[in-house]
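Asks: The structure's right below; bear with me while I get my questions together.
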Amino acid sequence: MKKILLPIDYSTYSDNAVRYAINIAKKINAEIHLFHGIEMAELSPMAGVMMWPIENFSELKEDADEDLKVYIENLKDDTSLGFPLPNITFSSETGSVKKIIDKLSQESHIDLIIMGLAGAGKLDRFFLGSNSKDVIEKTCIPVLLVPKEAPYKPINKIAFATDFTEGDINSIHNVARIFCLLDPEILLVHIDEAASDFHDPRTPANVFLNRVTCKLNYSKIYYRHVNAKKVEEGLKWLSENGQIDMLAMIHRHPNLISRILDGSYTQKLATMVQLPLLVMPEDKTPIGW
């Protein structure tokens with residue numbers, strides 16, 4: 001069974017992410033682990049820093065655990081979510097979201113992280129004070145970012161942005177593995193200023209598509225060329241006109257070919273779309289499963 005990790009802070013965008021995760025989990029046969037992060041003041045001798053008595057830590061955790069229990073009971077009473085709900089476990093943890101994700105990922109296999117996204121103009125931070133850039137850049141687990149304005153709807157088409165890098169094939173395989181029970185189309189999208197040359201079987205697009213279809217046992221994979229001067233412009237157009245339900249892309253480090261200007265495609269795109277955005281970690285493992 002797949003496992004989804006989901007941080008919450010009881011905000012409206014956190015609640016929307018929870019509802020989205022429940023709908024996905026029911027359809028891909030996954031269980032959900034909710035966690036709430038307790039940010040504590042650093043113990044420091046600096047003047048002006050409040051020193052929390054150590055016994056207060058356990059009291060705060062007990063309160064946080066009780067809040068999570070009540071939250072889950074309320075989910076079970078919410079008839080709009082449908083029944084039965086997926087298996088939901090929970091924990092309250094001390095530290096930043098990134099540190100908690102690392103800890104929980106080491107303790108159990110996590111297939112997907114789902115996080116609420118605040119909305120336009122506030123996408124440079126997640127709830128709980130964690131930084132989206134830190135989570136995206138350092139986690140090795142796919143992260144699905146769900147905007148507050150994005151209610152769950154059936155996932156019939158996932159667009160995967162690619163530049164034909166060999167490592168993309170493993171990531172496409174991982175997208176198909178996670179969402180295969182939803183049976184979505186996976187649309188491989190390449191954005192380029194030049195016109196499409198897909199008619200020529202020797203072009204990189206055709207060679208790449210042939211490698212993908214030979215390696216993956218998944219029939220609903222298609223290709224589309226989007227003509228645009230800038231990658232983020234092409235992705236914005238695709239999100240608005242491509243009739244897609246989720247956009248997937250690989251976060252690469254700035255020194256790689258997929259960076260644009262002073263940030264990655266992912267960070268540039270975040271302020272433009274209201275679709276769920278699946279951020280795949282860069283996969284450098286050799287091809288061949």
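Identifiers in this document derive from the order of the structure tokens: chains are assigned A, B, ..., residues are numbered from 1 separately in each chain, and ligands are numbered from 1 in order of occurrence.
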Please list as a PyMOL selection string every residue within 7 Å of Ile38 (chain A), counting only C-alpha atoms and excluding residues in the same chain fewer than 5 positions away.

Replies: chain A and resi 93-95

Asks: Using N, CA and C atoms, can you write the selected residues to a file as a PDB file, in the first residue's frame?

Replies:
ATOM      1  N   GLU A  93       5.008  16.524  15.959  1.00  0.00           N
ATOM      2  CA  GLU A  93       6.468  16.473  15.940  1.00  0.00           C
ATOM      3  C   GLU A  93       7.039  17.855  16.237  1.00  0.00           C
ATOM      4  N   THR A  94       8.213  17.885  16.830  1.00  0.00           N
ATOM      5  CA  THR A  94       8.901  19.141  17.109  1.00  0.00           C
ATOM      6  C   THR A  94       9.917  19.434  16.021  1.00  0.00           C
ATOM      7  N   GLY A  95       9.875  20.654  15.488  1.00  0.00           N
ATOM      8  CA  GLY A  95      10.850  21.046  14.486  1.00  0.00           C
ATOM      9  C   GLY A  95      10.200  21.620  13.247  1.00  0.00           C
TER      10      GLY A  95
END

Asks: Between A:Ser219, A:Asn241, A:Ser58, A:Asn87, which residue has the minimum interatomic distance to Ile22 (chain A), considering only C-alpha atoms?

Replies: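 Selected residue with least distance to Ile22 (chain A): A:Asn87.
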
Asks: With a distance cut-off of 12 Å and only C-alpha atoms, select the neighbouring residues of region 174-183 of chain A, excluding the residue or stretch itself and same-chain residues fewer than 4 positions from it, and output the selection as an MDAnalysis selection string.

Replies: chainID A and resid 1:4 23:30 110:113 141:144 153:160 167:170 187:188 212:213 215:221 245:250 278:283 289

Asks: Using DSSP assignments from the backbone, pull out every residue in region 156-188 of chain A that falls under strand (DSSP E) and give it to me as a list in words.

Replies: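 Matching residues, listed in order: Lys157, Ile158, Ala159, Phe160, Ala161, Glu185, Ile186, Leu187 and Leu188 of chain A.
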
Asks: Which residue out of A:Asn227, A:His33, A:Lys69, A:His251 has the minimum interatomic distance to Thr139 (chain A) when only C-alpha atoms are used?

Replies: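 For Thr139 (chain A), the nearest of the candidates is A:His251.
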
Asks: I'd like the interatomic distance between CA of Ser91 (chain A) and CA of Ser11 (chain A), to a tenth of an Å.

Replies: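 These atoms are spaced 17.5 Å apart.
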
Asks: Expressed in Å to a single decimal, how great is the separation between CA of Ser171 (chain A) and CA of Glu149 (chain A)?

Replies: 26.8 Å

Asks: Any idea what's packed within 8 Å of region 75-82 of chain A, counting only C-alpha atoms, ignoring anything in its chain fewer than 2 positions away? Could you give it as a list in words?

Replies: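 Everything that qualifies: Arg19, Ile22, Asn23, Tyr71, Ile72, Glu73, Pro84 and Leu85 of chain A.
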
Asks: So, with only C-alpha atoms as the atoms that count, which of A:Ala161, A:Ile244, A:Ala205, A:Leu34 lies closest to Glu232 (chain A)?

Replies: A:Ala161

Asks: Write down as number ranges by chain the residues belonging to region 58-234 of chain A that are assigned alpha helix (DSSP H) by DSSP computed on the backbone.

Replies: A: 58-76, 97-107, 132-138, 168-179, 204-215, 231-234

Asks: Nearest residue to Trp237 (chain A) out of A:Lys98, A:Ile191, A:Ser196, A:Tyr10, using only C-alpha atoms?

Replies: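 Closest to Trp237 (chain A) of all the choices is A:Ile191.
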
Asks: Please list as a PyMOL selection string every residue within 9 Å of Leu238 (chain A), counting only C-alpha atoms and excluding residues in the same chain fewer than 4 positions away.

Replies: chain A and resi 159+189+226+233-234+242-244
